[in-house]
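> Input structure: data_1.cif, which contains mmCIF, N, CA and C atoms.
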```
data_query
loop_
_atom_site.group_PDB
_atom_site.id
_atom_site.type_symbol
_atom_site.label_atom_id
_atom_site.label_comp_id
_atom_site.auth_asym_id
_atom_site.auth_seq_id
_atom_site.Cartn_x
_atom_site.Cartn_y
_atom_site.Cartn_z
ATOM 1 N N MET A 21 31.726 -28.268 -2.899
ATOM 2 C CA MET A 21 30.941 -28.495 -1.707
ATOM 3 C C MET A 21 29.486 -28.728 -2.111
ATOM 4 N N LYS A 22 28.860 -29.684 -1.466
ATOM 5 C CA LYS A 22 27.466 -30.001 -1.729
ATOM 6 C C LYS A 22 26.593 -29.404 -0.618
ATOM 7 N N ILE A 23 25.549 -28.702 -1.009
ATOM 8 C CA ILE A 23 24.615 -28.102 -0.061
ATOM 9 C C ILE A 23 23.362 -28.970 -0.049
ATOM 10 N N LYS A 24 22.950 -29.389 1.155
ATOM 11 C CA LYS A 24 21.785 -30.258 1.290
ATOM 12 C C LYS A 24 20.802 -29.646 2.269
ATOM 13 N N GLY A 25 19.532 -29.899 2.025
ATOM 14 C CA GLY A 25 18.494 -29.410 2.920
ATOM 15 C C GLY A 25 17.246 -30.256 2.817
ATOM 16 N N LYS A 26 16.387 -30.133 3.803
ATOM 17 C CA LYS A 26 15.148 -30.897 3.835
ATOM 18 C C LYS A 26 14.019 -29.948 4.217
ATOM 19 N N ILE A 27 12.925 -30.026 3.496
ATOM 20 C CA ILE A 27 11.726 -29.250 3.805
ATOM 21 C C ILE A 27 10.589 -30.242 3.997
ATOM 22 N N ILE A 28 9.872 -30.101 5.106
ATOM 23 C CA ILE A 28 8.744 -30.990 5.388
ATOM 24 C C ILE A 28 7.484 -30.140 5.545
ATOM 25 N N PHE A 29 6.466 -30.478 4.761
ATOM 26 C CA PHE A 29 5.158 -29.827 4.865
ATOM 27 C C PHE A 29 4.215 -30.816 5.542
ATOM 28 N N THR A 30 3.467 -30.345 6.546
ATOM 29 C CA THR A 30 2.510 -31.183 7.260
ATOM 30 C C THR A 30 1.115 -30.597 7.070
ATOM 31 N N TYR A 31 0.153 -31.473 6.765
ATOM 32 C CA TYR A 31 -1.215 -31.051 6.460
ATOM 33 C C TYR A 31 -2.201 -31.645 7.460
ATOM 34 N N ASP A 32 -3.418 -31.097 7.454
ATOM 35 C CA ASP A 32 -4.449 -31.566 8.373
ATOM 36 C C ASP A 32 -4.883 -32.994 8.082
ATOM 37 N N ASP A 33 -4.856 -33.366 6.815
ATOM 38 C CA ASP A 33 -5.258 -34.733 6.465
ATOM 39 C C ASP A 33 -4.448 -35.261 5.274
ATOM 40 N N GLU A 34 -4.551 -36.553 5.063
ATOM 41 C CA GLU A 34 -3.798 -37.223 4.004
ATOM 42 C C GLU A 34 -4.235 -36.778 2.610
ATOM 43 N N LYS A 35 -5.520 -36.483 2.463
ATOM 44 C CA LYS A 35 -6.035 -36.079 1.151
ATOM 45 C C LYS A 35 -5.376 -34.781 0.685
ATOM 46 N N ASP A 36 -5.283 -33.793 1.576
ATOM 47 C CA ASP A 36 -4.636 -32.530 1.217
ATOM 48 C C ASP A 36 -3.172 -32.754 0.857
ATOM 49 N N ALA A 37 -2.493 -33.575 1.627
ATOM 50 C CA ALA A 37 -1.086 -33.866 1.347
ATOM 51 C C ALA A 37 -0.930 -34.507 -0.026
ATOM 52 N N GLU A 38 -1.837 -35.404 -0.356
ATOM 53 C CA GLU A 38 -1.775 -36.079 -1.658
ATOM 54 C C GLU A 38 -2.031 -35.102 -2.809
ATOM 55 N N VAL A 39 -2.975 -34.205 -2.635
ATOM 56 C CA VAL A 39 -3.273 -33.214 -3.670
ATOM 57 C C VAL A 39 -2.056 -32.315 -3.911
ATOM 58 N N VAL A 40 -1.454 -31.836 -2.831
ATOM 59 C CA VAL A 40 -0.269 -30.979 -2.969
ATOM 60 C C VAL A 40 0.870 -31.759 -3.604
ATOM 61 N N PHE A 41 1.106 -32.967 -3.134
ATOM 62 C CA PHE A 41 2.185 -33.795 -3.677
ATOM 63 C C PHE A 41 2.018 -33.998 -5.175
ATOM 64 N N ASP A 42 0.822 -34.392 -5.588
ATOM 65 C CA ASP A 42 0.561 -34.635 -7.016
ATOM 66 C C ASP A 42 0.697 -33.353 -7.837
ATOM 67 N N SER A 43 0.271 -32.235 -7.265
ATOM 68 C CA SER A 43 0.342 -30.959 -7.980
ATOM 69 C C SER A 43 1.777 -30.500 -8.195
ATOM 70 N N LEU A 44 2.623 -30.712 -7.206
ATOM 71 C CA LEU A 44 3.998 -30.221 -7.278
ATOM 72 C C LEU A 44 4.971 -31.215 -7.908
ATOM 73 N N GLU A 45 4.615 -32.472 -7.924
ATOM 74 C CA GLU A 45 5.551 -33.501 -8.404
ATOM 75 C C GLU A 45 5.956 -33.285 -9.858
ATOM 76 N N ILE A 46 5.068 -32.798 -10.670
ATOM 77 C CA ILE A 46 5.356 -32.583 -12.092
ATOM 78 C C ILE A 46 6.519 -31.610 -12.261
ATOM 79 N N ASP A 47 6.492 -30.507 -11.531
ATOM 80 C CA ASP A 47 7.553 -29.501 -11.632
ATOM 81 C C ASP A 47 8.838 -29.924 -10.939
ATOM 82 N N ASN A 48 8.725 -30.747 -9.910
ATOM 83 C CA ASN A 48 9.892 -31.096 -9.097
ATOM 84 C C ASN A 48 10.659 -32.311 -9.607
ATOM 85 N N GLU A 49 10.043 -33.093 -10.454
ATOM 86 C CA GLU A 49 10.671 -34.324 -10.932
ATOM 87 C C GLU A 49 12.018 -34.029 -11.586
ATOM 88 N N GLY A 50 13.053 -34.686 -11.096
ATOM 89 C CA GLY A 50 14.386 -34.507 -11.630
ATOM 90 C C GLY A 50 15.196 -33.422 -10.937
ATOM 91 N N TYR A 51 14.536 -32.588 -10.128
ATOM 92 C CA TYR A 51 15.222 -31.492 -9.439
ATOM 93 C C TYR A 51 15.449 -31.766 -7.956
ATOM 94 N N LEU A 52 14.528 -32.509 -7.346
ATOM 95 C CA LEU A 52 14.673 -32.840 -5.942
ATOM 96 C C LEU A 52 13.913 -34.119 -5.636
ATOM 97 N N GLU A 53 14.277 -34.747 -4.534
ATOM 98 C CA GLU A 53 13.611 -35.980 -4.125
ATOM 99 C C GLU A 53 12.424 -35.624 -3.246
ATOM 100 N N SER A 54 11.328 -36.350 -3.433
ATOM 101 C CA SER A 54 10.143 -36.093 -2.627
ATOM 102 C C SER A 54 9.543 -37.412 -2.161
ATOM 103 N N LYS A 55 8.902 -37.334 -0.990
ATOM 104 C CA LYS A 55 8.309 -38.538 -0.412
ATOM 105 C C LYS A 55 7.020 -38.150 0.303
ATOM 106 N N LEU A 56 5.933 -38.832 -0.045
ATOM 107 C CA LEU A 56 4.635 -38.614 0.591
ATOM 108 C C LEU A 56 4.435 -39.705 1.632
ATOM 109 N N SER A 57 4.130 -39.304 2.857
ATOM 110 C CA SER A 57 3.893 -40.265 3.928
ATOM 111 C C SER A 57 2.744 -39.751 4.797
ATOM 112 N N LYS A 58 1.600 -40.359 4.615
ATOM 113 C CA LYS A 58 0.376 -39.970 5.317
ATOM 114 C C LYS A 58 0.069 -38.497 5.080
ATOM 115 N N ASN A 59 0.133 -37.648 6.104
ATOM 116 C CA ASN A 59 -0.216 -36.236 5.937
ATOM 117 C C ASN A 59 1.021 -35.344 5.817
ATOM 118 N N LYS A 60 2.165 -35.933 5.467
ATOM 119 C CA LYS A 60 3.413 -35.168 5.347
ATOM 120 C C LYS A 60 4.073 -35.387 3.996
ATOM 121 N N ILE A 61 4.698 -34.323 3.502
ATOM 122 C CA ILE A 61 5.520 -34.411 2.296
ATOM 123 C C ILE A 61 6.918 -33.970 2.689
ATOM 124 N N GLU A 62 7.890 -34.789 2.358
ATOM 125 C CA GLU A 62 9.285 -34.476 2.658
ATOM 126 C C GLU A 62 10.040 -34.259 1.356
ATOM 127 N N TYR A 63 10.701 -33.119 1.250
ATOM 128 C CA TYR A 63 11.511 -32.790 0.081
ATOM 129 C C TYR A 63 12.974 -32.720 0.500
ATOM 130 N N CYS A 64 13.832 -33.394 -0.241
ATOM 131 C CA CYS A 64 15.271 -33.351 -0.005
ATOM 132 C C CYS A 64 15.918 -32.620 -1.172
ATOM 133 N N LEU A 65 16.602 -31.536 -0.847
ATOM 134 C CA LEU A 65 17.242 -30.704 -1.858
ATOM 135 C C LEU A 65 18.747 -30.888 -1.767
ATOM 136 N N SER A 66 19.409 -30.818 -2.913
ATOM 137 C CA SER A 66 20.859 -30.943 -2.950
ATOM 138 C C SER A 66 21.377 -30.206 -4.180
ATOM 139 N N ASN A 67 22.425 -29.401 -3.974
ATOM 140 C CA ASN A 67 22.989 -28.653 -5.086
ATOM 141 C C ASN A 67 24.411 -28.239 -4.754
ATOM 142 N N GLU A 68 25.179 -28.001 -5.785
ATOM 143 C CA GLU A 68 26.562 -27.553 -5.627
ATOM 144 C C GLU A 68 26.650 -26.037 -5.448
ATOM 145 N N ASN A 69 25.609 -25.326 -5.854
ATOM 146 C CA ASN A 69 25.620 -23.876 -5.880
ATOM 147 C C ASN A 69 24.575 -23.324 -4.916
ATOM 148 N N ILE A 70 24.972 -22.440 -4.013
ATOM 149 C CA ILE A 70 24.046 -21.898 -3.022
ATOM 150 C C ILE A 70 22.905 -21.115 -3.675
ATOM 151 N N GLY A 71 23.194 -20.395 -4.729
ATOM 152 C CA GLY A 71 22.151 -19.646 -5.424
ATOM 153 C C GLY A 71 21.080 -20.555 -5.995
ATOM 154 N N SER A 72 21.495 -21.619 -6.653
ATOM 155 C CA SER A 72 20.541 -22.583 -7.210
ATOM 156 C C SER A 72 19.758 -23.290 -6.113
ATOM 157 N N PHE A 73 20.446 -23.612 -5.027
ATOM 158 C CA PHE A 73 19.788 -24.257 -3.892
ATOM 159 C C PHE A 73 18.683 -23.356 -3.331
ATOM 160 N N LEU A 74 19.007 -22.085 -3.126
ATOM 161 C CA LEU A 74 18.033 -21.144 -2.593
ATOM 162 C C LEU A 74 16.886 -20.893 -3.571
ATOM 163 N N ASN A 75 17.190 -20.809 -4.862
ATOM 164 C CA ASN A 75 16.135 -20.629 -5.870
ATOM 165 C C ASN A 75 15.179 -21.814 -5.879
ATOM 166 N N THR A 76 15.723 -23.026 -5.799
ATOM 167 C CA THR A 76 14.895 -24.233 -5.798
ATOM 168 C C THR A 76 13.991 -24.261 -4.571
ATOM 169 N N SER A 77 14.569 -23.971 -3.395
ATOM 170 C CA SER A 77 13.754 -23.995 -2.180
ATOM 171 C C SER A 77 12.692 -22.891 -2.209
ATOM 172 N N ASP A 78 13.037 -21.722 -2.714
ATOM 173 C CA ASP A 78 12.083 -20.620 -2.823
ATOM 174 C C ASP A 78 10.945 -20.975 -3.780
ATOM 175 N N ASP A 79 11.279 -21.558 -4.923
ATOM 176 C CA ASP A 79 10.252 -21.974 -5.894
ATOM 177 C C ASP A 79 9.330 -23.030 -5.293
ATOM 178 N N LEU A 80 9.906 -23.958 -4.550
ATOM 179 C CA LEU A 80 9.112 -25.014 -3.926
ATOM 180 C C LEU A 80 8.110 -24.428 -2.945
ATOM 181 N N VAL A 81 8.571 -23.561 -2.071
ATOM 182 C CA VAL A 81 7.687 -22.964 -1.062
ATOM 183 C C VAL A 81 6.616 -22.088 -1.725
ATOM 184 N N ALA A 82 6.999 -21.309 -2.708
ATOM 185 C CA ALA A 82 6.030 -20.451 -3.408
ATOM 186 C C ALA A 82 4.959 -21.294 -4.102
ATOM 187 N N SER A 83 5.359 -22.380 -4.738
ATOM 188 C CA SER A 83 4.395 -23.260 -5.419
ATOM 189 C C SER A 83 3.470 -23.932 -4.411
ATOM 190 N N GLU A 84 4.018 -24.337 -3.277
ATOM 191 C CA GLU A 84 3.203 -24.976 -2.251
ATOM 192 C C GLU A 84 2.165 -24.003 -1.712
ATOM 193 N N ILE A 85 2.546 -22.760 -1.530
ATOM 194 C CA ILE A 85 1.611 -21.745 -1.036
ATOM 195 C C ILE A 85 0.446 -21.572 -2.000
ATOM 196 N N VAL A 86 0.719 -21.577 -3.294
ATOM 197 C CA VAL A 86 -0.341 -21.438 -4.296
ATOM 198 C C VAL A 86 -1.325 -22.604 -4.201
ATOM 199 N N VAL A 87 -0.809 -23.825 -4.128
ATOM 200 C CA VAL A 87 -1.682 -25.001 -4.051
ATOM 201 C C VAL A 87 -2.477 -24.969 -2.748
ATOM 202 N N GLU A 88 -1.837 -24.585 -1.656
ATOM 203 C CA GLU A 88 -2.531 -24.512 -0.371
ATOM 204 C C GLU A 88 -3.664 -23.488 -0.415
ATOM 205 N N LYS A 89 -3.456 -22.354 -1.047
ATOM 206 C CA LYS A 89 -4.514 -21.344 -1.180
ATOM 207 C C LYS A 89 -5.678 -21.874 -2.010
ATOM 208 N N ILE A 90 -5.370 -22.620 -3.051
ATOM 209 C CA ILE A 90 -6.427 -23.213 -3.878
ATOM 210 C C ILE A 90 -7.245 -24.199 -3.044
ATOM 211 N N LEU A 91 -6.573 -25.024 -2.254
ATOM 212 C CA LEU A 91 -7.281 -25.976 -1.397
ATOM 213 C C LEU A 91 -8.197 -25.256 -0.404
ATOM 214 N N LYS A 92 -7.709 -24.198 0.212
ATOM 215 C CA LYS A 92 -8.516 -23.447 1.171
ATOM 216 C C LYS A 92 -9.713 -22.802 0.494
ATOM 217 N N THR A 93 -9.533 -22.284 -0.720
ATOM 218 C CA THR A 93 -10.627 -21.673 -1.464
ATOM 219 C C THR A 93 -11.707 -22.713 -1.782
ATOM 220 N N GLN A 94 -11.294 -23.904 -2.160
ATOM 221 C CA GLN A 94 -12.256 -24.956 -2.494
ATOM 222 C C GLN A 94 -13.057 -25.396 -1.274
ATOM 223 N N LYS A 95 -12.445 -25.333 -0.105
ATOM 224 C CA LYS A 95 -13.136 -25.773 1.116
ATOM 225 C C LYS A 95 -14.163 -24.756 1.594
ATOM 226 N N ASN A 96 -13.968 -23.498 1.220
ATOM 227 C CA ASN A 96 -14.889 -22.437 1.675
ATOM 228 C C ASN A 96 -16.025 -22.315 0.767
#
```
Could I get this file's structure written as C-alpha cells?

Amino acid sequence: MKIKGKIIFTYDDEKDAEVVFDSLEIDNEGYLESKLSKNKIEYCLSNENIGSFLNTSDDLVASEIVVEKILKTQKN
C-alpha cells in the first residue's frame, strides 16, 4: 500500500516563501516533491511505510519551523 500526503505552507510574501523553499530543498531533494508558487510551497509525500511517511513529514515541519524562526528574528 502506498501512503500519500500533501503539506502546503503559506507565507505573507513571495520572498519568505522563496527563502524557505531554497533552505529546505537541499535536504528534501530525492525524498519528496516540492513546488514553489508565489507565496506558497507545496510538498507531496509518498511512502510504502507509515513510519517513514510520518518521520518525513515530521522532519519537514520541524525544519520549516526553524527557518521560519530565523526569518522572524531577522525581521525584528
> Show me a table, sorted first by chain and then by increasing residue number, of the residues of stretch 54-74 of chain A having an atom at most 9 Å from stretch 32-49 of chain A, each with its shortest atom pair and the distance in Å to one decimal, counting only C-alpha atoms and written as JSON lines.

```
{"residue": "A:Ser54", "atom": "CA", "partner": "A:Glu45", "partner_atom": "CA", "distance": 7.8}
{"residue": "A:Lys55", "atom": "CA", "partner": "A:Phe41", "partner_atom": "CA", "distance": 8.4}
{"residue": "A:Leu56", "atom": "CA", "partner": "A:Phe41", "partner_atom": "CA", "distance": 6.9}
{"residue": "A:Ser57", "atom": "CA", "partner": "A:Glu34", "partner_atom": "CA", "distance": 8.3}
{"residue": "A:Lys58", "atom": "CA", "partner": "A:Glu34", "partner_atom": "CA", "distance": 5.2}
{"residue": "A:Asn59", "atom": "CA", "partner": "A:Glu34", "partner_atom": "CA", "distance": 4.2}
{"residue": "A:Lys60", "atom": "CA", "partner": "A:Ala37", "partner_atom": "CA", "distance": 6.2}
{"residue": "A:Ile61", "atom": "CA", "partner": "A:Ala37", "partner_atom": "CA", "distance": 6.7}
```
> Quick one: write out the picked residues with N, CA and C atoms as a PDB file, keeping the file's coordinate frame?

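Now in out29.pdb:
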```
ATOM      1  N   SER A  54      11.328 -36.350  -3.433  1.00  0.00           N
ATOM      2  CA  SER A  54      10.143 -36.093  -2.627  1.00  0.00           C
ATOM      3  C   SER A  54       9.543 -37.412  -2.161  1.00  0.00           C
ATOM      4  N   LYS A  55       8.902 -37.334  -0.990  1.00  0.00           N
ATOM      5  CA  LYS A  55       8.309 -38.538  -0.412  1.00  0.00           C
ATOM      6  C   LYS A  55       7.020 -38.150   0.303  1.00  0.00           C
ATOM      7  N   LEU A  56       5.933 -38.832  -0.045  1.00  0.00           N
ATOM      8  CA  LEU A  56       4.635 -38.614   0.591  1.00  0.00           C
ATOM      9  C   LEU A  56       4.435 -39.705   1.632  1.00  0.00           C
ATOM     10  N   SER A  57       4.130 -39.304   2.857  1.00  0.00           N
ATOM     11  CA  SER A  57       3.893 -40.265   3.928  1.00  0.00           C
ATOM     12  C   SER A  57       2.744 -39.751   4.797  1.00  0.00           C
ATOM     13  N   LYS A  58       1.600 -40.359   4.615  1.00  0.00           N
ATOM     14  CA  LYS A  58       0.376 -39.970   5.317  1.00  0.00           C
ATOM     15  C   LYS A  58       0.069 -38.497   5.080  1.00  0.00           C
ATOM     16  N   ASN A  59       0.133 -37.648   6.104  1.00  0.00           N
ATOM     17  CA  ASN A  59      -0.216 -36.236   5.937  1.00  0.00           C
ATOM     18  C   ASN A  59       1.021 -35.344   5.817  1.00  0.00           C
ATOM     19  N   LYS A  60       2.165 -35.933   5.467  1.00  0.00           N
ATOM     20  CA  LYS A  60       3.413 -35.168   5.347  1.00  0.00           C
ATOM     21  C   LYS A  60       4.073 -35.387   3.996  1.00  0.00           C
ATOM     22  N   ILE A  61       4.698 -34.323   3.502  1.00  0.00           N
ATOM     23  CA  ILE A  61       5.520 -34.411   2.296  1.00  0.00           C
ATOM     24  C   ILE A  61       6.918 -33.970   2.689  1.00  0.00           C
TER      25      ILE A  61
END
```
> Can you work out the spacing between atom CA of A:Gly50 and atom C of A:Cys64 in Å, to one decimal?
10.7 Å
> Here's the selection I'm unsure about, the PyMOL selection byres ((chain A and resi 69-85) around 8); applied to the file above, which residues does it give, as a ChimeraX atom specification?
/A:21-24,40,43-44,51,65-68,86-91
> Keeping only N, CA and C atoms, write the selected residues to a file as an mmCIF file, keeping the file's coordinate frame.

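Full text of selection_32.cif as output:
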```cif
data_model
loop_
_atom_site.group_PDB
_atom_site.id
_atom_site.type_symbol
_atom_site.label_atom_id
_atom_site.label_comp_id
_atom_site.auth_asym_id
_atom_site.auth_seq_id
_atom_site.Cartn_x
_atom_site.Cartn_y
_atom_site.Cartn_z
ATOM 1 N N MET A 21 31.726 -28.268 -2.899
ATOM 2 C CA MET A 21 30.941 -28.495 -1.707
ATOM 3 C C MET A 21 29.486 -28.728 -2.111
ATOM 4 N N LYS A 22 28.860 -29.684 -1.466
ATOM 5 C CA LYS A 22 27.466 -30.001 -1.729
ATOM 6 C C LYS A 22 26.593 -29.404 -0.618
ATOM 7 N N ILE A 23 25.549 -28.702 -1.009
ATOM 8 C CA ILE A 23 24.615 -28.102 -0.061
ATOM 9 C C ILE A 23 23.362 -28.970 -0.049
ATOM 10 N N LYS A 24 22.950 -29.389 1.155
ATOM 11 C CA LYS A 24 21.785 -30.258 1.290
ATOM 12 C C LYS A 24 20.802 -29.646 2.269
ATOM 13 N N VAL A 40 -1.454 -31.836 -2.831
ATOM 14 C CA VAL A 40 -0.269 -30.979 -2.969
ATOM 15 C C VAL A 40 0.870 -31.759 -3.604
ATOM 16 N N SER A 43 0.271 -32.235 -7.265
ATOM 17 C CA SER A 43 0.342 -30.959 -7.980
ATOM 18 C C SER A 43 1.777 -30.500 -8.195
ATOM 19 N N LEU A 44 2.623 -30.712 -7.206
ATOM 20 C CA LEU A 44 3.998 -30.221 -7.278
ATOM 21 C C LEU A 44 4.971 -31.215 -7.908
ATOM 22 N N TYR A 51 14.536 -32.588 -10.128
ATOM 23 C CA TYR A 51 15.222 -31.492 -9.439
ATOM 24 C C TYR A 51 15.449 -31.766 -7.956
ATOM 25 N N LEU A 65 16.602 -31.536 -0.847
ATOM 26 C CA LEU A 65 17.242 -30.704 -1.858
ATOM 27 C C LEU A 65 18.747 -30.888 -1.767
ATOM 28 N N SER A 66 19.409 -30.818 -2.913
ATOM 29 C CA SER A 66 20.859 -30.943 -2.950
ATOM 30 C C SER A 66 21.377 -30.206 -4.180
ATOM 31 N N ASN A 67 22.425 -29.401 -3.974
ATOM 32 C CA ASN A 67 22.989 -28.653 -5.086
ATOM 33 C C ASN A 67 24.411 -28.239 -4.754
ATOM 34 N N GLU A 68 25.179 -28.001 -5.785
ATOM 35 C CA GLU A 68 26.562 -27.553 -5.627
ATOM 36 C C GLU A 68 26.650 -26.037 -5.448
ATOM 37 N N VAL A 86 0.719 -21.577 -3.294
ATOM 38 C CA VAL A 86 -0.341 -21.438 -4.296
ATOM 39 C C VAL A 86 -1.325 -22.604 -4.201
ATOM 40 N N VAL A 87 -0.809 -23.825 -4.128
ATOM 41 C CA VAL A 87 -1.682 -25.001 -4.051
ATOM 42 C C VAL A 87 -2.477 -24.969 -2.748
ATOM 43 N N GLU A 88 -1.837 -24.585 -1.656
ATOM 44 C CA GLU A 88 -2.531 -24.512 -0.371
ATOM 45 C C GLU A 88 -3.664 -23.488 -0.415
ATOM 46 N N LYS A 89 -3.456 -22.354 -1.047
ATOM 47 C CA LYS A 89 -4.514 -21.344 -1.180
ATOM 48 C C LYS A 89 -5.678 -21.874 -2.010
ATOM 49 N N ILE A 90 -5.370 -22.620 -3.051
ATOM 50 C CA ILE A 90 -6.427 -23.213 -3.878
ATOM 51 C C ILE A 90 -7.245 -24.199 -3.044
ATOM 52 N N LEU A 91 -6.573 -25.024 -2.254
ATOM 53 C CA LEU A 91 -7.281 -25.976 -1.397
ATOM 54 C C LEU A 91 -8.197 -25.256 -0.404
#
```
> Taking only chain A into account, list the residues labelled alpha helix (DSSP H) by DSSP (computed from the backbone), as a short mmCIF file (atom, residue, chain, number, x, y, z; two decimals) with N, CA and C atoms, in the frame of the given file.

```cif
data_model
loop_
_atom_site.label_atom_id
_atom_site.label_comp_id
_atom_site.auth_asym_id
_atom_site.auth_seq_id
_atom_site.Cartn_x
_atom_site.Cartn_y
_atom_site.Cartn_z
N GLU A 34 -4.55 -36.55 5.06
CA GLU A 34 -3.80 -37.22 4.00
C GLU A 34 -4.24 -36.78 2.61
N LYS A 35 -5.52 -36.48 2.46
CA LYS A 35 -6.04 -36.08 1.15
C LYS A 35 -5.38 -34.78 0.68
N ASP A 36 -5.28 -33.79 1.58
CA ASP A 36 -4.64 -32.53 1.22
C ASP A 36 -3.17 -32.75 0.86
N ALA A 37 -2.49 -33.58 1.63
CA ALA A 37 -1.09 -33.87 1.35
C ALA A 37 -0.93 -34.51 -0.03
N GLU A 38 -1.84 -35.40 -0.36
CA GLU A 38 -1.78 -36.08 -1.66
C GLU A 38 -2.03 -35.10 -2.81
N VAL A 39 -2.98 -34.20 -2.64
CA VAL A 39 -3.27 -33.21 -3.67
C VAL A 39 -2.06 -32.32 -3.91
N VAL A 40 -1.45 -31.84 -2.83
CA VAL A 40 -0.27 -30.98 -2.97
C VAL A 40 0.87 -31.76 -3.60
N PHE A 41 1.11 -32.97 -3.13
CA PHE A 41 2.18 -33.80 -3.68
C PHE A 41 2.02 -34.00 -5.18
N ASP A 42 0.82 -34.39 -5.59
CA ASP A 42 0.56 -34.64 -7.02
C ASP A 42 0.70 -33.35 -7.84
N SER A 43 0.27 -32.24 -7.26
CA SER A 43 0.34 -30.96 -7.98
C SER A 43 1.78 -30.50 -8.20
N LEU A 44 2.62 -30.71 -7.21
CA LEU A 44 4.00 -30.22 -7.28
C LEU A 44 4.97 -31.22 -7.91
N GLU A 45 4.62 -32.47 -7.92
CA GLU A 45 5.55 -33.50 -8.40
C GLU A 45 5.96 -33.28 -9.86
N ILE A 46 5.07 -32.80 -10.67
CA ILE A 46 5.36 -32.58 -12.09
C ILE A 46 6.52 -31.61 -12.26
N ASP A 47 6.49 -30.51 -11.53
CA ASP A 47 7.55 -29.50 -11.63
C ASP A 47 8.84 -29.92 -10.94
N ASN A 48 8.72 -30.75 -9.91
CA ASN A 48 9.89 -31.10 -9.10
C ASN A 48 10.66 -32.31 -9.61
N ILE A 70 24.97 -22.44 -4.01
CA ILE A 70 24.05 -21.90 -3.02
C ILE A 70 22.90 -21.12 -3.68
N GLY A 71 23.19 -20.40 -4.73
CA GLY A 71 22.15 -19.65 -5.42
C GLY A 71 21.08 -20.56 -6.00
N SER A 72 21.50 -21.62 -6.65
CA SER A 72 20.54 -22.58 -7.21
C SER A 72 19.76 -23.29 -6.11
N PHE A 73 20.45 -23.61 -5.03
CA PHE A 73 19.79 -24.26 -3.89
C PHE A 73 18.68 -23.36 -3.33
N LEU A 74 19.01 -22.08 -3.13
CA LEU A 74 18.03 -21.14 -2.59
C LEU A 74 16.89 -20.89 -3.57
N ASN A 75 17.19 -20.81 -4.86
CA ASN A 75 16.14 -20.63 -5.87
C ASN A 75 15.18 -21.81 -5.88
N THR A 76 15.72 -23.03 -5.80
CA THR A 76 14.90 -24.23 -5.80
C THR A 76 13.99 -24.26 -4.57
N SER A 77 14.57 -23.97 -3.40
CA SER A 77 13.75 -24.00 -2.18
C SER A 77 12.69 -22.89 -2.21
N ASP A 78 13.04 -21.72 -2.71
CA ASP A 78 12.08 -20.62 -2.82
C ASP A 78 10.94 -20.98 -3.78
N ASP A 79 11.28 -21.56 -4.92
CA ASP A 79 10.25 -21.97 -5.89
C ASP A 79 9.33 -23.03 -5.29
N LEU A 80 9.91 -23.96 -4.55
CA LEU A 80 9.11 -25.01 -3.93
C LEU A 80 8.11 -24.43 -2.94
N VAL A 81 8.57 -23.56 -2.07
CA VAL A 81 7.69 -22.96 -1.06
C VAL A 81 6.62 -22.09 -1.72
N ALA A 82 7.00 -21.31 -2.71
CA ALA A 82 6.03 -20.45 -3.41
C ALA A 82 4.96 -21.29 -4.10
N SER A 83 5.36 -22.38 -4.74
CA SER A 83 4.39 -23.26 -5.42
C SER A 83 3.47 -23.93 -4.41
N GLU A 84 4.02 -24.34 -3.28
CA GLU A 84 3.20 -24.98 -2.25
C GLU A 84 2.16 -24.00 -1.71
N ILE A 85 2.55 -22.76 -1.53
CA ILE A 85 1.61 -21.74 -1.04
C ILE A 85 0.45 -21.57 -2.00
N VAL A 86 0.72 -21.58 -3.29
CA VAL A 86 -0.34 -21.44 -4.30
C VAL A 86 -1.32 -22.60 -4.20
N VAL A 87 -0.81 -23.82 -4.13
CA VAL A 87 -1.68 -25.00 -4.05
C VAL A 87 -2.48 -24.97 -2.75
N GLU A 88 -1.84 -24.58 -1.66
CA GLU A 88 -2.53 -24.51 -0.37
C GLU A 88 -3.66 -23.49 -0.42
N LYS A 89 -3.46 -22.35 -1.05
CA LYS A 89 -4.51 -21.34 -1.18
C LYS A 89 -5.68 -21.87 -2.01
N ILE A 90 -5.37 -22.62 -3.05
CA ILE A 90 -6.43 -23.21 -3.88
C ILE A 90 -7.24 -24.20 -3.04
N LEU A 91 -6.57 -25.02 -2.25
CA LEU A 91 -7.28 -25.98 -1.40
C LEU A 91 -8.20 -25.26 -0.40
N LYS A 92 -7.71 -24.20 0.21
CA LYS A 92 -8.52 -23.45 1.17
C LYS A 92 -9.71 -22.80 0.49
N THR A 93 -9.53 -22.28 -0.72
CA THR A 93 -10.63 -21.67 -1.46
C THR A 93 -11.71 -22.71 -1.78
N GLN A 94 -11.29 -23.90 -2.16
CA GLN A 94 -12.26 -24.96 -2.49
C GLN A 94 -13.06 -25.40 -1.27
N LYS A 95 -12.44 -25.33 -0.10
CA LYS A 95 -13.14 -25.77 1.12
C LYS A 95 -14.16 -24.76 1.59
#
```
> What separation in Å, quoted to one decimal, exists between atom N of A:Phe29 and atom N of A:Lys92?
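Straight-line distance from atom N of A:Phe29 to atom N of A:Lys92 works out to 16.2 Å.
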> Calculate how many Å separate atom CA of A:Thr93 from atom N of A:Glu53, rounding to one decimal.
28.3 Å
> Taking all atoms of stretch 88-96 of chain A that appear in the file, build a box with edges along x, y and z, extend it by 4 Å on every side, and state its centre and edge lengths in Å to one decimal, as AutoDock Vina command-line options.

```
--center_x -8.9 --center_y -23.7 --center_z -1.1 --size_x 22.2 --size_y 12.6 --size_z 13.6
```
> Pick out the residues sitting within 6 Å of A:Ile28, and hand them over as number ranges by chain; count all atoms listed in the file, and ignore anything fewer than 2 positions along from it in its own chain.
A: 26, 30, 61-63
> Please give the complete set of residues from chain A that DSSP, run on the backbone, assigns to strand (DSSP E or B), formatted as a list of chain:residue names.
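Taking chain A and keeping strand (DSSP E or B) only, one gets A:Ile23, A:Lys24, A:Gly25, A:Lys26, A:Ile27, A:Ile28, A:Phe29, A:Thr30, A:Glu53, A:Ser54, A:Lys55, A:Leu56, A:Ser57, A:Lys60, A:Ile61, A:Glu62, A:Tyr63, A:Cys64, A:Leu65, A:Ser66, A:Asn67.
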